[in-house]
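What follows is the content of work.pdb (PDB, C-alpha atoms and all ligand atoms).
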ATOM      1  CA  MET A   1      54.795 171.376 122.334  1.00  0.00           C
ATOM      2  CA  ALA A   2      53.134 169.086 124.819  1.00  0.00           C
ATOM      3  CA  GLY A   3      51.033 170.485 127.629  1.00  0.00           C
ATOM      4  CA  ILE A   4      49.405 173.399 125.811  1.00  0.00           C
ATOM      5  CA  ASP A   5      45.746 173.403 126.771  1.00  0.00           C
ATOM      6  CA  TYR A   6      42.973 175.639 128.126  1.00  0.00           C
ATOM      7  CA  PRO A   7      43.668 177.295 131.482  1.00  0.00           C
ATOM      8  CA  GLU A   8      42.757 175.123 134.503  1.00  0.00           C
ATOM      9  CA  GLU A   9      39.586 177.149 135.244  1.00  0.00           C
ATOM     10  CA  ALA A  10      38.281 176.678 131.704  1.00  0.00           C
ATOM     11  CA  LYS A  11      39.102 172.974 131.836  1.00  0.00           C
ATOM     12  CA  ALA A  12      37.159 172.646 135.094  1.00  0.00           C
ATOM     13  CA  LEU A  13      34.161 174.353 133.471  1.00  0.00           C
ATOM     14  CA  ILE A  14      34.316 172.038 130.446  1.00  0.00           C
ATOM     15  CA  GLY A  15      34.578 169.078 132.824  1.00  0.00           C
ATOM     16  CA  GLU A  16      31.376 170.071 134.659  1.00  0.00           C
ATOM     17  CA  LEU A  17      29.424 170.750 131.450  1.00  0.00           C
ATOM     18  CA  LYS A  18      30.460 167.374 130.086  1.00  0.00           C
ATOM     19  CA  LYS A  19      28.649 165.694 132.982  1.00  0.00           C
ATOM     20  CA  LEU A  20      25.294 167.096 131.813  1.00  0.00           C
ATOM     21  CA  PRO A  21      22.979 164.626 130.047  1.00  0.00           C
ATOM     22  CA  GLY A  22      23.286 164.692 126.280  1.00  0.00           C
ATOM     23  CA  VAL A  23      26.414 166.862 126.291  1.00  0.00           C
ATOM     24  CA  GLY A  24      29.507 165.373 124.672  1.00  0.00           C
ATOM     25  CA  PRO A  25      33.092 166.678 124.947  1.00  0.00           C
ATOM     26  CA  ARG A  26      32.763 168.883 121.846  1.00  0.00           C
ATOM     27  CA  SER A  27      29.531 170.537 122.961  1.00  0.00           C
ATOM     28  CA  ALA A  28      30.936 171.056 126.438  1.00  0.00           C
ATOM     29  CA  GLU A  29      33.922 172.840 124.956  1.00  0.00           C
ATOM     30  CA  ARG A  30      31.718 175.000 122.713  1.00  0.00           C
ATOM     31  CA  MET A  31      29.453 175.980 125.622  1.00  0.00           C
ATOM     32  CA  ALA A  32      32.383 176.811 127.861  1.00  0.00           C
ATOM     33  CA  ILE A  33      34.065 179.014 125.280  1.00  0.00           C
ATOM     34  CA  TRP A  34      30.768 180.751 124.529  1.00  0.00           C
ATOM     35  CA  LEU A  35      30.280 181.425 128.234  1.00  0.00           C
ATOM     36  CA  LEU A  36      33.768 182.814 128.577  1.00  0.00           C
ATOM     37  CA  GLN A  37      33.983 184.852 125.397  1.00  0.00           C
ATOM     38  CA  SER A  38      30.578 185.761 123.979  1.00  0.00           C
ATOM     39  CA  PRO A  39      29.370 189.295 124.744  1.00  0.00           C
ATOM     40  CA  LYS A  40      25.889 187.765 125.190  1.00  0.00           C
ATOM     41  CA  ALA A  41      27.051 185.379 127.893  1.00  0.00           C
ATOM     42  CA  ASN A  42      26.509 186.158 131.563  1.00  0.00           C
ATOM     43  CA  PRO A  43      28.361 183.518 133.558  1.00  0.00           C
ATOM     44  CA  GLU A  44      27.666 185.243 136.897  1.00  0.00           C
ATOM     45  CA  ASP A  45      23.888 185.089 136.337  1.00  0.00           C
ATOM     46  CA  LEU A  46      24.103 181.472 135.233  1.00  0.00           C
ATOM     47  CA  ALA A  47      26.132 180.544 138.308  1.00  0.00           C
ATOM     48  CA  ARG A  48      23.637 182.341 140.523  1.00  0.00           C
ATOM     49  CA  VAL A  49      20.518 180.624 139.122  1.00  0.00           C
ATOM     50  CA  VAL A  50      22.185 177.204 139.180  1.00  0.00           C
ATOM     51  CA  GLN A  51      23.150 177.655 142.808  1.00  0.00           C
ATOM     52  CA  ARG A  52      19.732 179.022 143.768  1.00  0.00           C
ATOM     53  CA  ALA A  53      17.874 176.189 142.027  1.00  0.00           C
ATOM     54  CA  GLY A  54      20.159 173.623 143.648  1.00  0.00           C
ATOM     55  CA  GLU A  55      19.445 175.052 147.083  1.00  0.00           C
ATOM     56  CA  GLU A  56      15.741 175.788 146.696  1.00  0.00           C
ATOM     57  CA  VAL A  57      14.216 173.080 144.506  1.00  0.00           C
ATOM     58  CA  GLY A  58      13.318 169.923 146.399  1.00  0.00           C
ATOM     59  CA  SER A  59      10.714 167.176 146.357  1.00  0.00           C
ATOM     60  CA  CYS A  60       7.241 167.216 147.857  1.00  0.00           C
ATOM     61  CA  GLU A  61       7.230 165.006 150.956  1.00  0.00           C
ATOM     62  CA  ARG A  62       3.809 163.677 150.055  1.00  0.00           C
ATOM     63  CA  CYS A  63       3.883 162.980 146.314  1.00  0.00           C
ATOM     64  CA  GLY A  64       7.463 163.460 145.110  1.00  0.00           C
ATOM     65  CA  PHE A  65       6.661 166.292 142.681  1.00  0.00           C
ATOM     66  CA  PHE A  66       8.850 169.415 142.760  1.00  0.00           C
ATOM     67  CA  ALA A  67       8.509 171.676 145.763  1.00  0.00           C
ATOM     68  CA  SER A  68      10.341 174.938 146.261  1.00  0.00           C
ATOM     69  CA  GLY A  69      11.962 176.776 149.122  1.00  0.00           C
ATOM     70  CA  SER A  70      10.730 175.994 152.603  1.00  0.00           C
ATOM     71  CA  GLU A  71       7.501 174.380 151.333  1.00  0.00           C
ATOM     72  CA  SER A  72       7.263 170.724 152.319  1.00  0.00           C
ATOM     73  CA  GLU A  73       4.339 170.172 149.931  1.00  0.00           C
ATOM     74  CA  CYS A  74       4.037 170.922 146.226  1.00  0.00           C
ATOM     75  CA  PRO A  75       1.373 173.184 144.657  1.00  0.00           C
ATOM     76  CA  VAL A  76      -0.689 170.127 143.623  1.00  0.00           C
ATOM     77  CA  CYS A  77      -0.856 168.593 147.118  1.00  0.00           C
ATOM     78  CA  SER A  78      -1.623 171.933 148.741  1.00  0.00           C
ATOM     79  CA  ALA A  79      -4.303 172.801 146.156  1.00  0.00           C
ATOM     80  CA  THR A  80      -7.970 172.600 147.075  1.00  0.00           C
ATOM     81  CA  GLY A  81     -10.756 171.665 144.688  1.00  0.00           C
ATOM     82  CA  ARG A  82      -9.018 168.662 143.190  1.00  0.00           C
ATOM     83  CA  ASP A  83     -10.692 165.261 143.125  1.00  0.00           C
ATOM     84  CA  ASP A  84      -9.213 163.459 146.135  1.00  0.00           C
ATOM     85  CA  ARG A  85     -10.629 160.131 145.035  1.00  0.00           C
ATOM     86  CA  LEU A  86      -8.200 160.044 142.099  1.00  0.00           C
ATOM     87  CA  LEU A  87      -4.515 159.296 142.519  1.00  0.00           C
ATOM     88  CA  CYS A  88      -2.377 159.114 139.390  1.00  0.00           C
ATOM     89  CA  VAL A  89       0.890 157.195 139.721  1.00  0.00           C
ATOM     90  CA  VAL A  90       3.705 158.336 137.415  1.00  0.00           C
ATOM     91  CA  GLU A  91       7.352 157.311 137.158  1.00  0.00           C
ATOM     92  CA  GLN A  92       8.987 160.723 137.334  1.00  0.00           C
ATOM     93  CA  ALA A  93       8.064 164.132 138.693  1.00  0.00           C
ATOM     94  CA  THR A  94       8.481 165.510 135.157  1.00  0.00           C
ATOM     95  CA  ASP A  95       5.590 163.281 133.990  1.00  0.00           C
ATOM     96  CA  VAL A  96       3.159 165.428 135.974  1.00  0.00           C
ATOM     97  CA  LEU A  97       3.664 168.493 133.781  1.00  0.00           C
ATOM     98  CA  PRO A  98       2.366 167.168 130.436  1.00  0.00           C
ATOM     99  CA  ILE A  99      -0.654 165.655 132.224  1.00  0.00           C
ATOM    100  CA  GLU A 100      -1.382 168.980 133.918  1.00  0.00           C
ATOM    101  CA  ARG A 101      -0.984 170.902 130.667  1.00  0.00           C
ATOM    102  CA  SER A 102      -3.349 168.557 128.864  1.00  0.00           C
ATOM    103  CA  GLY A 103      -6.129 169.284 131.365  1.00  0.00           C
ATOM    104  CA  ALA A 104      -7.194 165.631 131.073  1.00  0.00           C
ATOM    105  CA  TYR A 105      -6.954 164.945 134.802  1.00  0.00           C
ATOM    106  CA  ARG A 106      -7.924 166.795 137.994  1.00  0.00           C
ATOM    107  CA  GLY A 107      -6.875 164.459 140.786  1.00  0.00           C
ATOM    108  CA  TYR A 108      -3.665 164.123 142.769  1.00  0.00           C
ATOM    109  CA  TYR A 109      -0.363 162.487 141.850  1.00  0.00           C
ATOM    110  CA  HIS A 110       2.205 160.116 143.236  1.00  0.00           C
ATOM    111  CA  CYS A 111       5.682 160.124 141.653  1.00  0.00           C
ATOM    112  CA  LEU A 112       7.544 156.844 142.133  1.00  0.00           C
ATOM    113  CA  GLY A 113      10.966 158.293 141.390  1.00  0.00           C
ATOM    114  CA  GLY A 114      11.734 155.654 138.756  1.00  0.00           C
ATOM    115  CA  LYS A 115      10.564 152.245 137.594  1.00  0.00           C
ATOM    116  CA  LEU A 116      11.432 148.680 138.495  1.00  0.00           C
ATOM    117  CA  SER A 117      14.559 147.652 136.647  1.00  0.00           C
ATOM    118  CA  PRO A 118      16.433 144.626 138.034  1.00  0.00           C
ATOM    119  CA  LEU A 119      19.214 145.109 135.476  1.00  0.00           C
ATOM    120  CA  ASP A 120      19.948 148.575 136.841  1.00  0.00           C
ATOM    121  CA  GLY A 121      19.515 147.390 140.409  1.00  0.00           C
ATOM    122  CA  VAL A 122      16.244 149.285 140.942  1.00  0.00           C
ATOM    123  CA  GLY A 123      13.897 147.313 143.212  1.00  0.00           C
ATOM    124  CA  PRO A 124      10.594 148.190 144.936  1.00  0.00           C
ATOM    125  CA  GLU A 125      12.460 149.555 147.970  1.00  0.00           C
ATOM    126  CA  ASP A 126      14.066 152.205 145.735  1.00  0.00           C
ATOM    127  CA  LEU A 127      10.696 153.617 144.677  1.00  0.00           C
ATOM    128  CA  ARG A 128       8.153 155.640 146.696  1.00  0.00           C
ATOM    129  CA  ILE A 129       5.837 152.662 147.142  1.00  0.00           C
ATOM    130  CA  ASP A 130       5.448 152.786 150.947  1.00  0.00           C
ATOM    131  CA  GLY A 131       4.273 156.369 150.621  1.00  0.00           C
ATOM    132  CA  LEU A 132       1.794 155.306 147.955  1.00  0.00           C
ATOM    133  CA  LEU A 133       0.299 152.565 150.165  1.00  0.00           C
ATOM    134  CA  LYS A 134       0.050 154.997 153.037  1.00  0.00           C
ATOM    135  CA  ARG A 135      -1.911 157.459 150.906  1.00  0.00           C
ATOM    136  CA  VAL A 136      -4.227 154.759 149.583  1.00  0.00           C
ATOM    137  CA  ARG A 137      -5.015 153.648 153.160  1.00  0.00           C
ATOM    138  CA  GLU A 138      -5.902 157.215 154.159  1.00  0.00           C
ATOM    139  CA  ARG A 139      -9.006 157.250 152.006  1.00  0.00           C
ATOM    140  CA  SER A 140     -11.697 154.780 151.020  1.00  0.00           C
ATOM    141  CA  GLU A 141     -13.186 154.395 147.513  1.00  0.00           C
ATOM    142  CA  MET A 142     -10.095 155.613 145.788  1.00  0.00           C
ATOM    143  CA  GLU A 143      -9.123 155.050 142.165  1.00  0.00           C
ATOM    144  CA  VAL A 144      -5.400 154.655 141.538  1.00  0.00           C
ATOM    145  CA  VAL A 145      -4.583 155.433 137.910  1.00  0.00           C
ATOM    146  CA  LEU A 146      -1.320 153.858 136.770  1.00  0.00           C
ATOM    147  CA  ALA A 147       0.299 156.170 134.225  1.00  0.00           C
ATOM    148  CA  VAL A 148       3.607 154.371 133.858  1.00  0.00           C
ATOM    149  CA  GLY A 149       5.359 153.654 130.561  1.00  0.00           C
ATOM    150  CA  SER A 150       4.449 150.790 128.266  1.00  0.00           C
ATOM    151  CA  ASP A 151       8.053 149.580 127.988  1.00  0.00           C
ATOM    152  CA  VAL A 152       9.255 146.403 129.750  1.00  0.00           C
ATOM    153  CA  GLU A 153      10.174 148.154 133.005  1.00  0.00           C
ATOM    154  CA  GLY A 154       6.932 150.157 132.970  1.00  0.00           C
ATOM    155  CA  GLU A 155       4.933 146.932 132.544  1.00  0.00           C
ATOM    156  CA  ALA A 156       6.843 145.263 135.377  1.00  0.00           C
ATOM    157  CA  THR A 157       6.208 148.291 137.588  1.00  0.00           C
ATOM    158  CA  ALA A 158       2.490 148.314 136.752  1.00  0.00           C
ATOM    159  CA  ASN A 159       2.173 144.579 137.466  1.00  0.00           C
ATOM    160  CA  TYR A 160       3.958 144.933 140.770  1.00  0.00           C
ATOM    161  CA  LEU A 161       1.743 147.841 141.809  1.00  0.00           C
ATOM    162  CA  MET A 162      -1.424 145.985 140.813  1.00  0.00           C
ATOM    163  CA  ASP A 163      -0.266 143.146 143.064  1.00  0.00           C
ATOM    164  CA  VAL A 164       0.492 145.262 146.125  1.00  0.00           C
ATOM    165  CA  LEU A 165      -2.583 147.479 145.657  1.00  0.00           C
ATOM    166  CA  GLY A 166      -4.809 144.445 145.130  1.00  0.00           C
ATOM    167  CA  GLY A 167      -5.502 143.949 148.834  1.00  0.00           C
ATOM    168  CA  GLU A 168      -6.011 147.628 149.635  1.00  0.00           C
ATOM    169  CA  GLY A 169      -9.630 148.038 148.620  1.00  0.00           C
ATOM    170  CA  CYS A 170      -8.983 150.705 146.008  1.00  0.00           C
ATOM    171  CA  SER A 171      -9.749 150.304 142.322  1.00  0.00           C
ATOM    172  CA  VAL A 172      -6.709 150.269 140.057  1.00  0.00           C
ATOM    173  CA  THR A 173      -6.875 151.424 136.443  1.00  0.00           C
ATOM    174  CA  ARG A 174      -4.263 151.848 133.734  1.00  0.00           C
ATOM    175  CA  LEU A 175      -4.114 154.457 131.040  1.00  0.00           C
ATOM    176  CA  ALA A 176      -5.307 153.170 127.684  1.00  0.00           C
ATOM    177  CA  GLN A 177      -2.491 151.813 125.584  1.00  0.00           C
ATOM    178  CA  GLY A 178      -1.117 154.042 122.896  1.00  0.00           C
ATOM    179  CA  LEU A 179       1.410 155.993 124.894  1.00  0.00           C
ATOM    180  CA  PRO A 180       4.901 155.709 123.507  1.00  0.00           C
ATOM    181  CA  ALA A 181       7.346 153.610 125.517  1.00  0.00           C
ATOM    182  CA  GLY A 182      10.261 155.021 127.440  1.00  0.00           C
ATOM    183  CA  SER A 183       9.757 158.498 128.813  1.00  0.00           C
ATOM    184  CA  ALA A 184       6.193 157.895 127.774  1.00  0.00           C
ATOM    185  CA  LEU A 185       4.387 160.873 129.160  1.00  0.00           C
ATOM    186  CA  GLU A 186       6.981 163.513 128.667  1.00  0.00           C
ATOM    187  CA  TYR A 187       6.475 163.559 124.920  1.00  0.00           C
ATOM    188  CA  ALA A 188       2.844 162.526 124.617  1.00  0.00           C
ATOM    189  CA  ASP A 189       0.649 165.199 123.058  1.00  0.00           C
ATOM    190  CA  GLU A 190      -2.502 166.556 124.673  1.00  0.00           C
ATOM    191  CA  LEU A 191      -4.972 164.637 122.530  1.00  0.00           C
ATOM    192  CA  THR A 192      -3.164 161.363 123.225  1.00  0.00           C
ATOM    193  CA  LEU A 193      -3.292 162.091 126.955  1.00  0.00           C
ATOM    194  CA  HIS A 194      -7.012 162.937 126.881  1.00  0.00           C
ATOM    195  CA  ARG A 195      -7.737 159.672 125.078  1.00  0.00           C
ATOM    196  CA  ALA A 196      -5.468 157.744 127.417  1.00  0.00           C
ATOM    197  CA  PHE A 197      -7.244 159.076 130.524  1.00  0.00           C
ATOM    198  CA  GLU A 198     -10.735 158.661 129.074  1.00  0.00           C
ATOM    199  CA  GLY A 199      -9.965 155.098 128.006  1.00  0.00           C
ATOM    200  CA  ARG A 200      -8.410 153.955 131.277  1.00  0.00           C
ATOM    201  CA  LYS A 201      -9.500 150.522 132.380  1.00  0.00           C
TER     202      LYS A 201
HETATM  203 ZN    ZN B 301       2.910 166.919 146.268  1.00  0.00          ZN
END
What's the structure tokens form of this structure?
Amino acid sequence: MAGIDYPEEAKALIGELKKLPGVGPRSAERMAIWLLQSPKANPEDLARVVQRAGEEVGSCERCGFFASGSESECPVCSATGRDDRLLCVVEQATDVLPIERSGAYRGYYHCLGGKLSPLDGVGPEDLRIDGLLKRVRERSEMEVVLAVGSDVEGEATANYLMDVLGGEGCSVTRLAQGLPAGSALEYADELTLHRAFEGRK
């Protein structure tokens, strides 16, 4: 009786789904079977949007936020009417969205692409820090707002940035405490974000 299993193609699909964050073997199997057997499923459409997103979604050369297609800059960097004396530093590109939705901030962003974490082998050279310094040097009287997490790695990242930005002639502020640690901004509500930006110091 050994060797009876899903067909190879279904096994390959389960294998790919299992690589997604938060998806265990059981869920991967359930998703795959749903895709293959449910009348509501449309595997061709799914394949098409996954491929298109993979080809078209990139990072803004300037700030690291999402940029699409042939655009080298994101909609924030190419927008006019924003306050160019404010530069908000976040860990991940996804952190920009809750801040934008809250309406608490109208400056520009710089996404580091992570946070300092010696245990995971993430050092300053792995983050977009050179790009940040370059942007700070482009303009005088700038305020850099550090909106990194309040967990250990976030603190280490903020301290490091305060050090390297110290000699650059810009003012450096941090969001008021009260943001949850970890993926701090992603889950912060609008009121919390307004208070955090108003109370930056
Ligand atoms: Zn950008």
With only C-alpha atoms and all ligand atoms counted and 6 Å as the cut-off, give the residues of chain A in contact with ligand ZN 301 (chain B), each with its shortest interatomic distance in Å and the pair that gives it, as CSV.
residue,atom,partner,partner_atom,distance
A:Cys60,CA,B:ZN301,ZN,4.6
A:Arg62,CA,B:ZN301,ZN,5.1
A:Cys63,CA,B:ZN301,ZN,4.1
A:Gly64,CA,B:ZN301,ZN,5.8
A:Phe65,CA,B:ZN301,ZN,5.2
A:Glu73,CA,B:ZN301,ZN,5.1
A:Cys74,CA,B:ZN301,ZN,4.2
A:Val76,CA,B:ZN301,ZN,5.5
A:Cys77,CA,B:ZN301,ZN,4.2
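Among the candidates A:Leu191, A:Ala28, A:Ile129, A:Leu116, the one nearest to A:Glu155 when counting all atoms listed in the file is A:Leu116.
With the shown file loaded, the PyMOL selection byres (((chain A and resi 10) around 12) and not hetatm) picks out Asp5, Tyr6, Pro7, Glu8, Glu9, Lys11, Ala12, Leu13, Ile14, Gly15, Glu16, Leu17, Ala28, Glu29, Arg30, Met31, Ala32, Ile33, Trp34, Leu35, Leu36 and Gln37 of chain A.
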Written selection (C-alpha atoms) as a PDB file, keeping the file's coordinate frame:
ATOM      1  CA  ASP A   5      45.746 173.403 126.771  1.00  0.00           C
ATOM      2  CA  TYR A   6      42.973 175.639 128.126  1.00  0.00           C
ATOM      3  CA  PRO A   7      43.668 177.295 131.482  1.00  0.00           C
ATOM      4  CA  GLU A   8      42.757 175.123 134.503  1.00  0.00           C
ATOM      5  CA  GLU A   9      39.586 177.149 135.244  1.00  0.00           C
ATOM      6  CA  LYS A  11      39.102 172.974 131.836  1.00  0.00           C
ATOM      7  CA  ALA A  12      37.159 172.646 135.094  1.00  0.00           C
ATOM      8  CA  LEU A  13      34.161 174.353 133.471  1.00  0.00           C
ATOM      9  CA  ILE A  14      34.316 172.038 130.446  1.00  0.00           C
ATOM     10  CA  GLY A  15      34.578 169.078 132.824  1.00  0.00           C
ATOM     11  CA  GLU A  16      31.376 170.071 134.659  1.00  0.00           C
ATOM     12  CA  LEU A  17      29.424 170.750 131.450  1.00  0.00           C
ATOM     13  CA  ALA A  28      30.936 171.056 126.438  1.00  0.00           C
ATOM     14  CA  GLU A  29      33.922 172.840 124.956  1.00  0.00           C
ATOM     15  CA  ARG A  30      31.718 175.000 122.713  1.00  0.00           C
ATOM     16  CA  MET A  31      29.453 175.980 125.622  1.00  0.00           C
ATOM     17  CA  ALA A  32      32.383 176.811 127.861  1.00  0.00           C
ATOM     18  CA  ILE A  33      34.065 179.014 125.280  1.00  0.00           C
ATOM     19  CA  TRP A  34      30.768 180.751 124.529  1.00  0.00           C
ATOM     20  CA  LEU A  35      30.280 181.425 128.234  1.00  0.00           C
ATOM     21  CA  LEU A  36      33.768 182.814 128.577  1.00  0.00           C
ATOM     22  CA  GLN A  37      33.983 184.852 125.397  1.00  0.00           C
TER      23      GLN A  37
END
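For the set A:Ser140, A:Gly22, A:Thr157, A:Ala147, the residue with the smallest atom-to-atom gap to A:Ile99 is A:Ala147, counting all atoms listed in the file.
Between atom CA of A:Val145 and atom CA of A:Leu175 there is a distance of 7.0 Å.
Look at everything within 12 Å of (-4.3, 146.2, 145.3) using only C-alpha atoms, and the residues you get are Leu132, Leu133, Val136, Arg137, Met142, Glu143, Val144, Val145, Leu146, Ala158, Asn159, Tyr160, Leu161, Met162, Asp163, Val164, Leu165, Gly166, Gly167, Glu168, Gly169, Cys170, Ser171, Val172 and Thr173 of chain A.
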Just-selected residues, C-alpha atoms written as a PDB file, in the frame of the given file:
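The resulting file, selection_31.pdb, is reproduced below:
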ATOM      1  CA  LEU A 132       1.794 155.306 147.955  1.00  0.00           C
ATOM      2  CA  LEU A 133       0.299 152.565 150.165  1.00  0.00           C
ATOM      3  CA  VAL A 136      -4.227 154.759 149.583  1.00  0.00           C
ATOM      4  CA  ARG A 137      -5.015 153.648 153.160  1.00  0.00           C
ATOM      5  CA  MET A 142     -10.095 155.613 145.788  1.00  0.00           C
ATOM      6  CA  GLU A 143      -9.123 155.050 142.165  1.00  0.00           C
ATOM      7  CA  VAL A 144      -5.400 154.655 141.538  1.00  0.00           C
ATOM      8  CA  VAL A 145      -4.583 155.433 137.910  1.00  0.00           C
ATOM      9  CA  LEU A 146      -1.320 153.858 136.770  1.00  0.00           C
ATOM     10  CA  ALA A 158       2.490 148.314 136.752  1.00  0.00           C
ATOM     11  CA  ASN A 159       2.173 144.579 137.466  1.00  0.00           C
ATOM     12  CA  TYR A 160       3.958 144.933 140.770  1.00  0.00           C
ATOM     13  CA  LEU A 161       1.743 147.841 141.809  1.00  0.00           C
ATOM     14  CA  MET A 162      -1.424 145.985 140.813  1.00  0.00           C
ATOM     15  CA  ASP A 163      -0.266 143.146 143.064  1.00  0.00           C
ATOM     16  CA  VAL A 164       0.492 145.262 146.125  1.00  0.00           C
ATOM     17  CA  LEU A 165      -2.583 147.479 145.657  1.00  0.00           C
ATOM     18  CA  GLY A 166      -4.809 144.445 145.130  1.00  0.00           C
ATOM     19  CA  GLY A 167      -5.502 143.949 148.834  1.00  0.00           C
ATOM     20  CA  GLU A 168      -6.011 147.628 149.635  1.00  0.00           C
ATOM     21  CA  GLY A 169      -9.630 148.038 148.620  1.00  0.00           C
ATOM     22  CA  CYS A 170      -8.983 150.705 146.008  1.00  0.00           C
ATOM     23  CA  SER A 171      -9.749 150.304 142.322  1.00  0.00           C
ATOM     24  CA  VAL A 172      -6.709 150.269 140.057  1.00  0.00           C
ATOM     25  CA  THR A 173      -6.875 151.424 136.443  1.00  0.00           C
TER      26      THR A 173
END
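From atom CA of A:Asp83 back to atom CA of A:Arg106, the distance works out to 6.0 Å.
Using only C-alpha atoms, the smallest distance between any of A:Val50, A:Arg128, A:Thr192, A:Glu55 and A:Glu91 comes from A:Arg128.
What the PyMOL selection byres (((chain A and resi 56) around 8) and not hetatm) grabs from this file is Arg52, Ala53, Gly54, Glu55, Val57, Gly58, Ser68, Gly69 and Ser70 of chain A.
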Find the distance between atom CA of A:Arg200 and atom CA of A:Arg174 and write it in Å to one decimal. 5.3 Å
Can you sort out stretch 68-81 of chain A so it carries N, CA and C atoms, written as a short mmCIF file (atom, residue, chain, number, x, y, z; two decimals), in the coordinates of the input?
data_model
loop_
_atom_site.label_atom_id
_atom_site.label_comp_id
_atom_site.auth_asym_id
_atom_site.auth_seq_id
_atom_site.Cartn_x
_atom_site.Cartn_y
_atom_site.Cartn_z
N SER A 68 9.29 173.93 146.22
CA SER A 68 10.34 174.94 146.26
C SER A 68 10.47 175.59 147.62
N GLY A 69 11.68 176.03 147.91
CA GLY A 69 11.96 176.78 149.12
C GLY A 69 11.66 175.99 150.37
N SER A 70 10.98 176.63 151.32
CA SER A 70 10.73 175.99 152.60
C SER A 70 9.45 175.16 152.58
N GLU A 71 8.76 175.13 151.42
CA GLU A 71 7.50 174.38 151.33
C GLU A 71 7.80 172.88 151.42
N SER A 72 7.06 172.16 152.28
CA SER A 72 7.26 170.72 152.32
C SER A 72 6.33 170.03 151.33
N GLU A 73 5.26 170.75 150.91
CA GLU A 73 4.34 170.17 149.93
C GLU A 73 4.36 170.98 148.64
N CYS A 74 4.04 170.28 147.53
CA CYS A 74 4.04 170.92 146.23
C CYS A 74 2.71 171.65 146.00
N PRO A 75 2.62 172.45 144.92
CA PRO A 75 1.37 173.18 144.66
C PRO A 75 0.18 172.27 144.37
N VAL A 76 0.43 171.05 143.89
CA VAL A 76 -0.69 170.13 143.62
C VAL A 76 -1.26 169.64 144.95
N CYS A 77 -0.38 169.14 145.84
CA CYS A 77 -0.86 168.59 147.12
C CYS A 77 -1.50 169.66 147.98
N SER A 78 -1.05 170.90 147.89
CA SER A 78 -1.62 171.93 148.74
C SER A 78 -2.82 172.61 148.07
N ALA A 79 -3.16 172.19 146.85
CA ALA A 79 -4.30 172.80 146.16
C ALA A 79 -5.61 172.25 146.70
N THR A 80 -6.64 173.09 146.71
CA THR A 80 -7.97 172.60 147.07
C THR A 80 -8.79 172.49 145.79
N GLY A 81 -9.88 171.75 145.85
CA GLY A 81 -10.76 171.66 144.69
C GLY A 81 -10.38 170.58 143.71
#
